[in-house]
Structures are given as structure tokens and as C-alpha cells.
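> Sharing a structure, written as C-alpha cells. Questions coming.
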Amino acid sequence: MLSKPDSSENTTSQASTLPPVLAGPLLRHTAQDALTLWLITSRPTELFLRLSHGDTHLINRNLAENELSQLQVGTRAWLNLISVTPKKPLPTDVRLEYDLGLQTDRDADTLWIRDWAPHLCPDDQARPGFMIKSRLDRILHGSCRRPHHPSADGLTRVDREIQTATTFEDTPALLLLTGDQIYADDVAGPMLHAIHCVIHQLGLFQEPLEGASLSHSRELTSKDQAYYHRDKLLPESEFNEDLTERFFGGVRKPVFTTANAGNHLISFAEVVAMYLLVWSPTPWQFVTDAEPVTNSDDVERYRKERKTIERFRETLPSAARALANLPVYMIFDDHDVTDDWNLSALWETTAYEHPFSRRIIGNALLGYLLCQGWGNQPQHFAGLLQECRSLFQSTDNQHELDKARQDALIDQLLHFDHWHYTLDTRPMLVVLDTRTHRWRSEMRRSHPSGLMDWEALTDFQQTIIGEDAVVVVSPAPIFGVKLIEIIQRIFTWFGKPLLVDAENWMAHRGAASVLLNIFAHPKTPRHFVILSGDVHYSFAYDVTLRHKRNSPRIWQITSSGIKNEFPNALLEWLDRLNRWLFAPWSPLNWFTKRRRMKISPQLPEGREAGERLWNASGIGDVRLDETGSPTAIRQLNANGGGTCFRGDRYDSGS
């Protein structure tokens, strides 16, 4: 169903000069009974879908009204959510090709993907394609894609793996993005300038604001603090000082990350523009060369960041092709919304009780719903989509979102309880929501919350009981580096959990105990493969239960970041100290919550003797046998090469 179109002749004229498709399609949930696609167009468009196997058309028709949701998010921007249930089950284990035909005018020729996005087609193919695998035999996974980090983009390695796959076994089954697909809280100056150019060109809907020194999102481009100093948009008050520290990153993080919230995304328009710019090369043509900063320090920083952003932009066609040719599943972590999102009960009280920070969080969550969450399992979001349609249809002649409707929708998003999901694959894939089902500390409101509460963990246990094997996505590693967890605990004891991102499964006694009991339950799977990200380095552990004859086999496999890395010298020292302090014979192991577990690190190929951590941007690669056990665990570097934690020796030429 189409939302209310803009009737302005000027708007229609401007839209006709824009590319018909601004971003996408992204290939999302696919199964024998489902095909899901996401794209943004510059005008309301009739869409024709072709899906074929060889010369046989499986689908060849216009999309029906119940298969396409078009939401107008700007005067020249329409978000298209496509969810098709084929009349007959789609074939598995063969290459399927799809195409989308656009007809923007009745008398115009139909335009196909090769016409409006040729960069999405593989080199030897006329259109994008994919495979529905009957078994998860090869999974690519990763997290933390920060556009202005100087490392290469791991999504380009995904594209290379798809393009060079010549056998059935080498073809990936799917791509899992396990958190921080965008950095809403850490935006480079040139990226923010690009965002504002896109907002202007597409007329993305603006909104009134409350609780800040500006009253409307249009003022974000005119305020002196609009670049690098957004923490100063809050008026001075004791409450706002607390908010600045907890929400805008008013503290520095010397050990793990640096708080760079001076360009934190604020409006819904900024969030939508960010997704366009990180997933598509097309909207970059709207970006000017202007420098919107004047302060000498800001200018120097801006120019340095611009060089990195330009390199990111150059590889976007390859990244976009990866997202169009492989089923992609996503889950949020904190940076998709804001740093340390829901870290503690005190954080929640501070952030949600202030109208400005509540709106910022809500806008990021709304962007996640429409650009990430919906595509995982569309059936869970029908009610929320209807509320979104009502919000976007309520814009006035100034193309401004209705404040009351926006606040009401944000309230629903903050209380929504089904961001997690399960795929009926072999083995079963369970994706955990470790952000909105928090187990709040019973000791102090400032202490870190458990990543999942008792009810959510119980639901997780019920989901996996009776399965022989399961793949679990936990954005934060369940079994991490012990030394780093100890450092986080020390900072928490001193009342400074924000300083070190003190979020791990073992930081909360109740959550840790319930989770470890799930692994020990006699009816839980024999094989657990846990895929994680978050930490900006990669590692693999082989885990069993001590003193249990029929212990399940657990593999903790962490891949991070797609475009982010840990400070290398610091990581080497932490790795070395961790080996010394927590060797298998060390009595310190008995002071950790994991003392019931035997954890054997898998050593990465190509590192110095004994080192356990791999520090290079890229993508994780896991291959599973028919029992759901890993036969190979690799980390593929974004710029070529990589390492092998398990399986055959890594071939740097592959």
C-alpha cells in the first residue's frame, strides 16, 4: 500500500532528475516459502519481480499490494519492503536469479537492475542471484563496520568470496551481521556533511525537538555545535550534565574505545541518510565538497577523516553487491543506537527520562526497524509498520513529522519485545537480543545489567531443547578474554563502568549462572556454535563442561570488526598478560564465573607463538559438517589473506 504522495509539481520535477533507486536491493530473509528484499527509491514505483532457475521463471509478475510496503520517508524518498510467499516451494541447493523491474511512468520502458544498478550484478551474470541451502554448511559473519576507521571494509571480502565460489561447498549459505552495522554515535565530520547533503536532496522528513538548545531538526545544519560538538546542544542543568556524561560520551575511554559522540546522529532523517550512505554508492553523487567547519582543530580533523571516507566510498559498489547476492540477517548492538545502550538501570533512567535523549534513541531504533530488523522476519513487525505508515502520512505542508505520533511510536519501539528471532535451518539458528531484555543489577543501579533477563534466557532454553545442534548469535562473546573481563569488573567496582564498556555475560551473577546452567542441562543440544563480534578482534575457543561425562561441545567464535580494529600494541600486551595470569594451571581461574568450564583457545595461524587473538578487519568464515560441528574456523582479512583457527591450513591465495 502506498503512503500519501507529495502533490507538489516542483517535488515531482525534482524527483524525475534523481536516480530511480537510491539504495538496494538488499537480499534479506530467504527460504523455500519466502523472498525478502529492501530498497529505497526516489519516487513511488510499481515493481515487477522475476525469480528464475535457469530458463524457468518461478515468479514473473507485478508485486501484489500485500507483498509490498512503500513508506514515504521524504518528499523524494520511498522505502520499499518486499515480502513474497511463492505459490510453490522454492528449490534448494541451486542458484536462483532475481530481478526487479521499475516503471516510473506509464509510457516508459521497464528498467531492470542491470539498467539502474549494474554494480549489483556479478561479473559473469546478468542479474543478482543466491542459493537457498538445505543445510548451513558455510556461514560468513562479522560486526562493527565503522566507515571512518582506516582499515579496509570486510564486506568487500564477502563480495570476493561470493564471486570466486566455484563449487557448491564454497558457496556461503548466508551472511550474519552481528552488531554495529552503523555507528550512530560515532560519525565522521565528512560523513555528517554527506548526511546533510542527502537530507537536502531527498527532502527527508524533519521533526520538532524538545529538551535541547534547538527546537527543530532543521537547525542541526546551522548551529555552531552541529559538527563535533553536539554534546553542547543540551542547555546547562544538573540533570543535563549527567546526560552529557552518560549519553553523549562526555568521558574518555582510555582502554577499549574513545567516546566520539560529538557528531551523534539525532534526527530520524539523519539516521535514514546514514543507512543510504553506508549501503549504497548512489547517494554519494549528492555530496558536495564544502567544508562545514571553521575552527582550525575541527578543519584539521575533518580533512584527515575525509581521506578515509573517500576510500570507504570507493569500495561501496563491491560492498553493495555482497549485500544483494547473499541472504543477510542482522541484529543490533549498542552503536546501532548509542554507545553503552542500556548498560545499567541508572543509564536507562538518565537517558529515557530526558525528552531529547529519548528521541535520539527512538529515532535510531526506528531506523533499525525499517532498515535492519524488519528484513529478518517480516511477520513480527506488521503492527509496527502500520504505525510507521500513520506517522509518515501525518506530515504537514512543511514535511514535518507529527510530534505526538512520533513520541507514541517511539514508546512502542522501546517496549517492543521481539527483536530476537529463530530460523528453521539445519542446524537451527537462534539470534539473541542482548540489548532490550536486560537483567538489571540487584546490588546497585549503576552496576552493569545482565545481557538477558531470566525470562528471556528461559525462552532461549525452551527454543533449543531437543535440538541436536544449534548456531547461536550473541553480539557480545559469551566466553571472552578473562583479563579484559577482570579489568571491566574493577572499573565497575570503582563506579566507572562507562569507562571500559563493562558489558559481558559474566558481569552479572544471575545471568551468568542461568546461562551456564543452560549449557549443563541434559536436554540442550550436543553442539553449540556461538557467533559473536563487538570487541574489535577475533578469536575462537573450544569449550566443554568440567566433571561432566556427556558435556556438550561449545565453540565460541568471535569475528570483529568488519571495518574496525583494536589498538594493536595494547591488544598484544593484553593477550600476553591474559596468557600469563590465566594459564590452565593458574589458581586465578577459580575466581572467575567460568570455573565450571574448560576453555581451550584455538591458536590463529600466522601469529607469534602462543598468541590467541587476531587483529585485522575482515569477515569470519565458519564451515559446519552434518552434525553442526565446525570443520573450519577462519578469519578472512578485508585486504586479502587471513588466518585459520581450526581446519585445513589457510590458503592465502583463496
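So you can find residues: chains in the C-alpha cells are A, B, ... in the order shown, residues in each start at 1, and ligands are numbered from 1 in order.
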Identify, on the basis of only C-alpha atoms, every residue whose closest approach to Glu46 of chain A does not exceed 9 Å; exclude the query and any residue fewer than 5 positions from it along the same chain; express the result as a ChimeraX atom specification.
/A:62-63,101-104
> For the residues in that selection, give me N, CA and C atoms as a PDB file, in the first residue's frame.

```pdb
ATOM      1  N   ASN A  62       3.895  -8.581 -11.490  1.00  0.00           N
ATOM      2  CA  ASN A  62       3.877  -7.397 -10.632  1.00  0.00           C
ATOM      3  C   ASN A  62       3.682  -7.826  -9.185  1.00  0.00           C
ATOM      4  N   LEU A  63       4.267  -7.074  -8.280  1.00  0.00           N
ATOM      5  CA  LEU A  63       4.062  -7.352  -6.862  1.00  0.00           C
ATOM      6  C   LEU A  63       2.655  -6.960  -6.446  1.00  0.00           C
ATOM      7  N   GLY A 101      11.920  -5.014 -11.848  1.00  0.00           N
ATOM      8  CA  GLY A 101      11.610  -4.075 -12.910  1.00  0.00           C
ATOM      9  C   GLY A 101      10.879  -2.868 -12.370  1.00  0.00           C
ATOM     10  N   LEU A 102      11.314  -1.676 -12.784  1.00  0.00           N
ATOM     11  CA  LEU A 102      10.700  -0.424 -12.351  1.00  0.00           C
ATOM     12  C   LEU A 102      10.012   0.222 -13.539  1.00  0.00           C
ATOM     13  N   GLN A 103       8.813   0.736 -13.293  1.00  0.00           N
ATOM     14  CA  GLN A 103       8.126   1.511 -14.320  1.00  0.00           C
ATOM     15  C   GLN A 103       7.602   2.765 -13.652  1.00  0.00           C
ATOM     16  N   THR A 104       8.392   3.844 -13.758  1.00  0.00           N
ATOM     17  CA  THR A 104       8.042   5.082 -13.063  1.00  0.00           C
ATOM     18  C   THR A 104       6.977   5.881 -13.789  1.00  0.00           C
TER      19      THR A 104
END
```
> Please report, as a VMD selection string, each residue of segment 114-350 of chain A to which DSSP assigns helix (DSSP H, G or I) when run on this structure's backbone.
chain A and resid 114 to 116 118 to 120 154 to 164 189 to 202 217 to 221 224 to 226 230 to 233 238 to 246 261 to 263 268 to 279 282 to 286 296 to 314 316 to 324 334 to 336 345 to 350
> Please provide the set of residues having any atom within 8 Å of Ile132 of chain A, restricted to only C-alpha atoms, with same-chain residues fewer than 6 positions apart removed, written as a ChimeraX atom specification.
/A:30-32,91-95,173
> Considering only C-alpha atoms, return as a PyMOL selection string whatever protein or nucleic-acid residues lie within 7 Å of segment 133-148 of chain A, sequence-local ones (same chain, fewer than 3 positions apart) excluded.
chain A and resi 92-93+172-183+188+305+308-309+312+425-427+533-534+559-564+619-625
> Would you output that residue set with N, CA and C atoms, as an mmCIF file, in the first residue's frame?

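Written file, result36.cif:
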```
data_model
loop_
_atom_site.group_PDB
_atom_site.id
_atom_site.type_symbol
_atom_site.label_atom_id
_atom_site.label_comp_id
_atom_site.auth_asym_id
_atom_site.auth_seq_id
_atom_site.Cartn_x
_atom_site.Cartn_y
_atom_site.Cartn_z
ATOM 1 N N THR A 92 15.941 -25.790 -3.444
ATOM 2 C CA THR A 92 17.131 -25.590 -2.621
ATOM 3 C C THR A 92 18.371 -26.083 -3.352
ATOM 4 N N ASP A 93 19.511 -25.571 -2.901
ATOM 5 C CA ASP A 93 20.831 -26.027 -3.343
ATOM 6 C C ASP A 93 21.089 -25.813 -4.828
ATOM 7 N N PRO A 172 28.664 -19.547 0.157
ATOM 8 C CA PRO A 172 28.141 -19.278 1.505
ATOM 9 C C PRO A 172 26.629 -19.467 1.562
ATOM 10 N N ALA A 173 26.149 -19.937 2.710
ATOM 11 C CA ALA A 173 24.705 -20.091 2.909
ATOM 12 C C ALA A 173 24.059 -18.760 3.252
ATOM 13 N N LEU A 174 24.729 -17.950 4.045
ATOM 14 C CA LEU A 174 24.184 -16.657 4.441
ATOM 15 C C LEU A 174 25.269 -15.814 5.097
ATOM 16 N N LEU A 175 24.946 -14.544 5.269
ATOM 17 C CA LEU A 175 25.820 -13.581 5.952
ATOM 18 C C LEU A 175 25.115 -13.092 7.204
ATOM 19 N N LEU A 176 25.791 -13.204 8.339
ATOM 20 C CA LEU A 176 25.264 -12.715 9.614
ATOM 21 C C LEU A 176 26.019 -11.453 10.007
ATOM 22 N N LEU A 177 25.285 -10.350 10.149
ATOM 23 C CA LEU A 177 25.858 -9.105 10.661
ATOM 24 C C LEU A 177 25.424 -8.999 12.115
ATOM 25 N N THR A 178 26.381 -9.151 13.024
ATOM 26 C CA THR A 178 26.065 -9.416 14.428
ATOM 27 C C THR A 178 26.174 -8.194 15.332
ATOM 28 N N GLY A 179 26.054 -6.999 14.754
ATOM 29 C CA GLY A 179 26.000 -5.797 15.576
ATOM 30 C C GLY A 179 26.848 -4.667 15.050
ATOM 31 N N ASP A 180 26.421 -3.452 15.346
ATOM 32 C CA ASP A 180 27.139 -2.234 14.949
ATOM 33 C C ASP A 180 27.284 -2.150 13.431
ATOM 34 N N GLN A 181 26.152 -2.347 12.742
ATOM 35 C CA GLN A 181 26.148 -2.181 11.282
ATOM 36 C C GLN A 181 26.346 -0.710 10.915
ATOM 37 N N ILE A 182 25.893 0.185 11.755
ATOM 38 C CA ILE A 182 26.241 1.598 11.639
ATOM 39 C C ILE A 182 26.761 2.057 12.997
ATOM 40 N N TYR A 183 27.420 3.203 12.995
ATOM 41 C CA TYR A 183 27.853 3.847 14.235
ATOM 42 C C TYR A 183 27.080 5.154 14.342
ATOM 43 N N ALA A 188 31.940 10.443 11.462
ATOM 44 C CA ALA A 188 32.976 11.363 10.993
ATOM 45 C C ALA A 188 32.354 12.654 10.475
ATOM 46 N N GLU A 305 39.753 12.942 8.255
ATOM 47 C CA GLU A 305 38.668 11.975 8.134
ATOM 48 C C GLU A 305 38.184 11.856 6.697
ATOM 49 N N THR A 308 39.840 9.120 4.651
ATOM 50 C CA THR A 308 39.373 7.771 4.975
ATOM 51 C C THR A 308 37.987 7.525 4.397
ATOM 52 N N ILE A 309 37.107 8.511 4.511
ATOM 53 C CA ILE A 309 35.751 8.365 3.981
ATOM 54 C C ILE A 309 35.784 8.202 2.464
ATOM 55 N N PHE A 312 36.520 4.643 1.748
ATOM 56 C CA PHE A 312 35.320 3.855 2.041
ATOM 57 C C PHE A 312 34.330 3.956 0.888
ATOM 58 N N THR A 425 16.510 -23.566 10.217
ATOM 59 C CA THR A 425 17.547 -24.082 9.334
ATOM 60 C C THR A 425 18.150 -25.342 9.942
ATOM 61 N N ARG A 426 19.040 -25.981 9.216
ATOM 62 C CA ARG A 426 19.789 -27.120 9.727
ATOM 63 C C ARG A 426 21.271 -26.747 9.783
ATOM 64 N N PRO A 427 21.847 -26.579 10.990
ATOM 65 C CA PRO A 427 21.176 -26.578 12.285
ATOM 66 C C PRO A 427 20.363 -25.302 12.508
ATOM 67 N N GLY A 533 30.669 -10.803 18.015
ATOM 68 C CA GLY A 533 31.514 -9.740 17.484
ATOM 69 C C GLY A 533 31.873 -8.765 18.586
ATOM 70 N N ASP A 534 31.643 -7.472 18.364
ATOM 71 C CA ASP A 534 31.674 -6.420 19.380
ATOM 72 C C ASP A 534 33.062 -5.941 19.794
ATOM 73 N N SER A 559 34.216 -12.749 15.553
ATOM 74 C CA SER A 559 34.780 -12.051 14.398
ATOM 75 C C SER A 559 34.448 -10.573 14.497
ATOM 76 N N SER A 560 35.486 -9.748 14.620
ATOM 77 C CA SER A 560 35.280 -8.305 14.752
ATOM 78 C C SER A 560 36.625 -7.613 14.512
ATOM 79 N N GLY A 561 36.605 -6.483 13.773
ATOM 80 C CA GLY A 561 35.457 -5.884 13.175
ATOM 81 C C GLY A 561 35.502 -5.999 11.649
ATOM 82 N N ILE A 562 34.350 -5.749 11.051
ATOM 83 C CA ILE A 562 34.265 -5.700 9.599
ATOM 84 C C ILE A 562 35.099 -4.528 9.083
ATOM 85 N N LYS A 563 34.981 -3.397 9.755
ATOM 86 C CA LYS A 563 35.831 -2.238 9.428
ATOM 87 C C LYS A 563 36.164 -1.519 10.741
ATOM 88 N N ASN A 564 36.934 -2.181 11.539
ATOM 89 C CA ASN A 564 37.366 -1.643 12.826
ATOM 90 C C ASN A 564 38.436 -2.569 13.377
ATOM 91 N N ILE A 619 36.158 -10.573 7.774
ATOM 92 C CA ILE A 619 34.897 -11.301 7.964
ATOM 93 C C ILE A 619 35.208 -12.706 8.454
ATOM 94 N N GLY A 620 34.365 -13.224 9.346
ATOM 95 C CA GLY A 620 34.526 -14.584 9.840
ATOM 96 C C GLY A 620 33.954 -15.592 8.859
ATOM 97 N N ASP A 621 34.546 -16.771 8.828
ATOM 98 C CA ASP A 621 34.153 -17.832 7.900
ATOM 99 C C ASP A 621 34.121 -19.140 8.679
ATOM 100 N N VAL A 622 32.911 -19.718 8.829
ATOM 101 C CA VAL A 622 32.743 -20.955 9.591
ATOM 102 C C VAL A 622 32.111 -22.007 8.686
ATOM 103 N N ARG A 623 32.713 -23.188 8.652
ATOM 104 C CA ARG A 623 32.162 -24.298 7.876
ATOM 105 C C ARG A 623 31.737 -25.399 8.841
ATOM 106 N N LEU A 624 30.523 -25.927 8.633
ATOM 107 C CA LEU A 624 29.940 -26.903 9.540
ATOM 108 C C LEU A 624 29.709 -28.225 8.821
ATOM 109 N N ASP A 625 29.901 -29.330 9.556
ATOM 110 C CA ASP A 625 29.579 -30.636 8.982
ATOM 111 C C ASP A 625 28.112 -30.963 9.251
#
```
> One decimal, in Å: what's the spacing between atom CA of Glu314 of chain A and atom CA of Ser151 of chain A?
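So the two atoms, atom CA of Glu314 of chain A and atom CA of Ser151 of chain A, lie 13.3 Å apart.
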> List the neighbours of Arg596 of chain A out to 9 Å using only C-alpha atoms; skip same-chain residues closer than 6 positions along the sequence, and give me the result as a PyMOL selection string.
chain A and resi 516+544-547+590
> Extract, using only C-alpha atoms, all DNA, RNA and protein residues at most 12 Å from Arg61 of chain A, discarding same-chain residues fewer than 6 positions from it, and format them as a PDB file with N, CA and C atoms, in the first residue's frame.

```pdb
ATOM      1  N   GLU A  46       5.870   1.224  -9.276  1.00  0.00           N
ATOM      2  CA  GLU A  46       5.377  -0.131  -9.436  1.00  0.00           C
ATOM      3  C   GLU A  46       6.569  -1.053  -9.662  1.00  0.00           C
ATOM      4  N   LEU A  47       6.550  -2.181  -9.008  1.00  0.00           N
ATOM      5  CA  LEU A  47       7.682  -3.104  -9.070  1.00  0.00           C
ATOM      6  C   LEU A  47       7.250  -4.435  -9.670  1.00  0.00           C
ATOM      7  N   PHE A  48       8.056  -4.927 -10.585  1.00  0.00           N
ATOM      8  CA  PHE A  48       7.830  -6.212 -11.238  1.00  0.00           C
ATOM      9  C   PHE A  48       8.948  -7.147 -10.805  1.00  0.00           C
ATOM     10  N   LEU A  49       8.587  -8.329 -10.317  1.00  0.00           N
ATOM     11  CA  LEU A  49       9.564  -9.271  -9.776  1.00  0.00           C
ATOM     12  C   LEU A  49       9.724 -10.470 -10.698  1.00  0.00           C
ATOM     13  N   ARG A  50      10.960 -10.781 -11.007  1.00  0.00           N
ATOM     14  CA  ARG A  50      11.285 -12.018 -11.697  1.00  0.00           C
ATOM     15  C   ARG A  50      12.224 -12.842 -10.826  1.00  0.00           C
ATOM     16  N   LEU A  51      11.875 -14.099 -10.667  1.00  0.00           N
ATOM     17  CA  LEU A  51      12.743 -15.042  -9.964  1.00  0.00           C
ATOM     18  C   LEU A  51      12.833 -16.282 -10.832  1.00  0.00           C
ATOM     19  N   SER A  52      14.043 -16.707 -11.125  1.00  0.00           N
ATOM     20  CA  SER A  52      14.193 -17.802 -12.079  1.00  0.00           C
ATOM     21  C   SER A  52      15.268 -18.773 -11.648  1.00  0.00           C
ATOM     22  N   GLU A  67       2.265  -7.658  -0.816  1.00  0.00           N
ATOM     23  CA  GLU A  67       3.660  -8.079  -0.885  1.00  0.00           C
ATOM     24  C   GLU A  67       4.638  -6.913  -0.839  1.00  0.00           C
ATOM     25  N   VAL A  84       7.584 -11.707  -0.249  1.00  0.00           N
ATOM     26  CA  VAL A  84       6.813 -12.543  -1.162  1.00  0.00           C
ATOM     27  C   VAL A  84       6.804 -13.983  -0.667  1.00  0.00           C
ATOM     28  N   PRO A  86       6.052 -17.476  -2.254  1.00  0.00           N
ATOM     29  CA  PRO A  86       5.782 -18.149  -3.528  1.00  0.00           C
ATOM     30  C   PRO A  86       4.650 -19.168  -3.413  1.00  0.00           C
ATOM     31  N   TYR A  98      17.321 -13.230  -9.414  1.00  0.00           N
ATOM     32  CA  TYR A  98      16.157 -12.364  -9.279  1.00  0.00           C
ATOM     33  C   TYR A  98      16.411 -11.042  -9.983  1.00  0.00           C
ATOM     34  N   ASP A  99      15.324 -10.381 -10.333  1.00  0.00           N
ATOM     35  CA  ASP A  99      15.408  -9.076 -10.969  1.00  0.00           C
ATOM     36  C   ASP A  99      14.191  -8.264 -10.567  1.00  0.00           C
ATOM     37  N   LEU A 100      14.375  -6.968 -10.468  1.00  0.00           N
ATOM     38  CA  LEU A 100      13.282  -6.045 -10.150  1.00  0.00           C
ATOM     39  C   LEU A 100      13.114  -5.073 -11.305  1.00  0.00           C
ATOM     40  N   GLY A 101      11.920  -5.014 -11.848  1.00  0.00           N
ATOM     41  CA  GLY A 101      11.610  -4.075 -12.910  1.00  0.00           C
ATOM     42  C   GLY A 101      10.879  -2.868 -12.370  1.00  0.00           C
ATOM     43  N   LEU A 102      11.314  -1.676 -12.784  1.00  0.00           N
ATOM     44  CA  LEU A 102      10.700  -0.424 -12.351  1.00  0.00           C
ATOM     45  C   LEU A 102      10.012   0.222 -13.539  1.00  0.00           C
TER      46      LEU A 102
END
```
> Which is closer to Leu603 of chain A than all the others in A:Pro525, A:Pro44, A:Pro477, A:Gly647, using only C-alpha atoms?
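Of the candidates, the smallest distance to Leu603 of chain A is held by A:Gly647.
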> How many Å separate atom CA of Leu531 of chain A from atom CA of Val471 of chain A?
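We find that atom CA of Leu531 of chain A and atom CA of Val471 of chain A lie 7.4 Å from each other.
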> Which of segment 198-403 of chain A counts as strand (DSSP E or B) under DSSP, as a list in words please?
Leu204, Gln206, Pro208, His216, Val328, Tyr329, Met330, Ser344 and Glu400 of chain A
> Taking into account only C-alpha atoms, which residue in the set A:Phe460, A:Trp555, A:Phe130, A:Trp279 is nearest to Arg526 of chain A?
A:Trp555
> If we count only C-alpha atoms, what is near segment 455-458 of chain A at a cut-off of 9 Å, once residues fewer than 4 positions away on the same chain are taken out, given as a PyMOL selection string?
chain A and resi 433+437-438+462-463+511+514-515+518
